[in-house]
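Asks: Have a look at the structure that comes next, please.
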Amino acid sequence: MPELPEVETVRRGLSPALVGARFARVTLNRPDLRFPFPKNFSRRLEGRTVLELGRRAKYLTAALDSGETLIMHLGMSGRFDVRLPDGVTLSPGDFYLEGALGNAKHDHVVMAMGSGATITYNDVRRFGFMDLVPSATLQASKHFAAMGIEPLSEALDGAAIARLFRHRITPLKAALLDQRLIAGLGNIYVCEALHRAGLHPSLPAGALAKPDGTPTPKAKRLAKEIKAVLTEAVAAGGSTLRDYAQPDGARGAFQHGFRVYDSVGHACTAKGCTGRIARMVQSGRSTFYCEVCQVLPG
DNA sequence: TAACTCCTGGGC
DNA sequence: GCCCAGGAGTTA
């Protein structure tokens with residue numbers, strides 16, 4: 001699950017090969033990923049030039065000169081490889097290498113660009129998907145219409161958290177994972193942000209709003225820590241998990257910045273805290289937190 | 001809110 | 001063989 005920082009890293013890595021380039025030949029090695037490819041997918045791409053490569057939450061958007069936008073979601077294990085004409089292979093934002101890196105079995109889409117570069121989409125678990133929608137109505141498309149605010153934008157602050165979470169009794173962690181409220185966070189960065197903010201993952205989300213709807217100090221703190229952890233992770237090129245030591249310099253480094261994720265038993269790094277990192281399960285997913293400095297009030 | 005679903009593979 | 005995995009939709 002590439003989260004926002006990983007997708008942003010992929011966007012930056014893919015841009016040089018994609019923006020301004022023309023799709024010469026698009027080959028699909030199977031009829032679907034998570035969903036079937038759009039009708040006439042290859043034909044609608046071939047001959048088209050990419051005007052710009054953007055990102056919304058965990059989605060990549062490639063605006064084409066045909067008036068359509070190619071939407072790409074990496075799911076849990078999607079990745080791109082770029083092979084340049086001189087034979088050099090790059091892995092823009094290589095965040096999830098598994099054992100299958102370079103295993104052509106999972107090369108599902110091969111895009112030969114007019115420049116001579118080849119962009120390959122590889123996705124072991126096939127939870128990713130691609131779609132083509134009219135650029136003019138991109139924001140109204142089914143993927144984006146109900147999507148929440150962008151966490152690195154000015155839209156996210158304590159007041160926004162109070163407004164979005166008010167009256168909600170759902171656990172804070174679940175609220176932060178709800179892409180209809182804030183879009184782009186996933187399991188790792190939610191755990192990290194909650195730890196940094198000193199908030200228990202099970203705290204009812206509505207506790208961050210005062211009765212009059214204004215933000216509590218903790219709401220402001222949480223907004224600040226979400227931005228901080230995402231900004232640091234983007235700067236580090238995202239996180240690379242299950243790294244099988246490939247000869248490739250394009251991997252992220254923020255996994256070294258984790259304070260709680262996948263760190264059960266480690267000493268808490270919060271200032272003055274003597275706790276250890278624990279794991280609990282919330283709606284079927286692992287939550288990592290410090291039992292000492294992330295306490296439930298009362 | 002929780003369980004279950006899609007899918008493959010690593011680790012124990 | 002079982003549990004786990006950075007996502008997210010659907011269903012009870």
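Residue numbering restarts at 1 in every chain; chains get A, B, ... in the order shown in the structure tokens, and ligands count up from 1 in that same order.
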I need the contact residues of chain C against chain A, so if you could list those with any atom within 9 Å, counting only C-alpha atoms (C1' of nucleotides), and return them as number ranges by chain, that would help.

Replies: C: 5-8

Asks: Store the residues picked out above in a file with N, CA and C atoms (P, O5', C5', C4', C3', O3' and C1' of nucleotides), as a PDB file, in the first residue's frame.

Replies:
```pdb
ATOM      1  P    DA C   5      -0.457  -7.250   9.308  1.00  0.00           P
ATOM      2  O5'  DA C   5       0.066  -6.929   7.832  1.00  0.00           O
ATOM      3  C5'  DA C   5       1.394  -6.488   7.603  1.00  0.00           C
ATOM      4  C4'  DA C   5       1.617  -6.290   6.112  1.00  0.00           C
ATOM      5  C3'  DA C   5       0.455  -5.571   5.430  1.00  0.00           C
ATOM      6  O3'  DA C   5       0.647  -4.151   5.512  1.00  0.00           O
ATOM      7  C1'  DA C   5       1.183  -7.464   4.160  1.00  0.00           C
ATOM      8  P    DG C   6      -0.354  -3.284   6.457  1.00  0.00           P
ATOM      9  O5'  DG C   6      -0.442  -1.845   5.838  1.00  0.00           O
ATOM     10  C5'  DG C   6       0.692  -1.149   5.433  1.00  0.00           C
ATOM     11  C4'  DG C   6       0.310   0.094   4.663  1.00  0.00           C
ATOM     12  C3'  DG C   6      -0.533  -0.148   3.412  1.00  0.00           C
ATOM     13  O3'  DG C   6      -1.088   1.102   3.017  1.00  0.00           O
ATOM     14  C1'  DG C   6       1.643   0.251   2.783  1.00  0.00           C
ATOM     15  P    DG C   7      -2.599   1.294   3.103  1.00  0.00           P
ATOM     16  O5'  DG C   7      -3.051   0.484   1.796  1.00  0.00           O
ATOM     17  C5'  DG C   7      -2.716   0.972   0.527  1.00  0.00           C
ATOM     18  C4'  DG C   7      -3.939   1.008  -0.370  1.00  0.00           C
ATOM     19  C3'  DG C   7      -5.097   1.807   0.217  1.00  0.00           C
ATOM     20  O3'  DG C   7      -5.664   2.538  -0.861  1.00  0.00           O
ATOM     21  C1'  DG C   7      -5.789  -0.429  -0.175  1.00  0.00           C
ATOM     22  P    DA C   8      -6.792   3.638  -0.549  1.00  0.00           P
ATOM     23  O5'  DA C   8      -8.155   2.836  -0.749  1.00  0.00           O
ATOM     24  C5'  DA C   8      -8.426   2.281  -2.028  1.00  0.00           C
ATOM     25  C4'  DA C   8      -9.621   1.378  -1.927  1.00  0.00           C
ATOM     26  C3'  DA C   8     -10.820   1.995  -1.187  1.00  0.00           C
ATOM     27  O3'  DA C   8     -11.959   1.733  -1.962  1.00  0.00           O
ATOM     28  C1'  DA C   8     -10.404  -0.146  -0.418  1.00  0.00           C
TER      29       DA C   8
END
```

Asks: Distance cut-off 7 Å, counting only C-alpha atoms (C1' of nucleotides) - which residues of chain B neighbour chain A? Return them as a compact mmCIF listing (two decimals) with N, CA and C atoms (P, O5', C5', C4', C3', O3' and C1' of nucleotides), in the first residue's frame.

Replies:
```
# COMPACT_ATOMS: atom_id res chain seq x y z
P DA B 2 -14.96 -3.16 15.77
O5' DA B 2 -15.21 -4.57 15.09
C5' DA B 2 -16.51 -5.15 15.20
C4' DA B 2 -16.73 -6.02 14.00
C3' DA B 2 -15.45 -6.69 13.48
O3' DA B 2 -15.70 -8.06 13.44
C1' DA B 2 -16.66 -5.75 11.70
P DC B 6 -12.61 -13.70 -3.16
O5' DC B 6 -11.75 -12.63 -3.98
C5' DC B 6 -12.36 -11.89 -5.03
C4' DC B 6 -11.43 -10.77 -5.45
C3' DC B 6 -10.02 -11.23 -5.76
O3' DC B 6 -9.91 -11.55 -7.13
C1' DC B 6 -10.04 -9.21 -4.45
P DC B 7 -9.27 -12.96 -7.54
O5' DC B 7 -7.75 -12.78 -7.13
C5' DC B 7 -6.93 -11.89 -7.88
C4' DC B 7 -5.59 -11.77 -7.21
C3' DC B 7 -4.89 -13.10 -6.98
O3' DC B 7 -4.07 -13.40 -8.10
C1' DC B 7 -4.59 -11.56 -5.16
P DT B 8 -3.30 -14.80 -8.13
O5' DT B 8 -1.93 -14.49 -7.36
C5' DT B 8 -1.09 -13.45 -7.80
C4' DT B 8 0.01 -13.25 -6.78
C3' DT B 8 0.84 -14.51 -6.51
O3' DT B 8 2.17 -14.24 -6.94
C1' DT B 8 0.23 -13.38 -4.48
```

Asks: Tell me, in Å to one decimal, how far C1' of DC12 (chain B) is from CA of Tyr289 (chain A).

Replies: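 Separating C1' of DC12 (chain B) from CA of Tyr289 (chain A) is a distance of 23.9 Å.
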
Asks: Looking only at helix (DSSP H, G or I) from DSSP on the backbone, list the matching residues of region 175-292 of chain A as a ChimeraX atom specification.

Replies: /A:175-177,187-197,205-208,217-235,254-257

Asks: Extract, using only C-alpha atoms (C1' of nucleotides), all DNA, RNA and protein residues at most 12 Å from DT10 (chain C), discarding same-chain residues fewer than 5 positions from it, and format them as JSON, numbers by chain.

Replies: {"B": [3, 4, 5, 6]}

Asks: In Å, how far is it from CA of Leu51 (chain A) to CA of Arg180 (chain A)?

Replies: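 Interatomic distance here is 27.9 Å.
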
Asks: Excluding Thr89 (chain A) and any residue of its chain fewer than 4 positions from it, enumerate the residues within 10 Å of it, using only C-alpha atoms (C1' of nucleotides), and give them as a list of chain:residue names.

Replies: A:Asp81, A:Val82, A:Arg83, A:Leu84, A:Pro85, A:Ala117, A:Thr118, A:Ile119, A:Asp248

Asks: Selected residues, C-alpha atoms, written as a compact mmCIF listing (two decimals), in the first residue's frame, please.

Replies:
```txt
# COMPACT_ATOMS: atom_id res chain seq x y z
CA ASP A 81 9.89 0.35 -13.85
CA VAL A 82 11.35 2.67 -16.45
CA ARG A 83 13.82 1.34 -18.96
CA LEU A 84 15.57 4.09 -20.84
CA PRO A 85 16.74 3.74 -24.43
CA ALA A 117 11.74 4.53 -23.05
CA THR A 118 9.64 1.61 -21.82
CA ILE A 119 7.45 1.99 -18.74
CA ASP A 248 19.02 0.04 -7.32
```
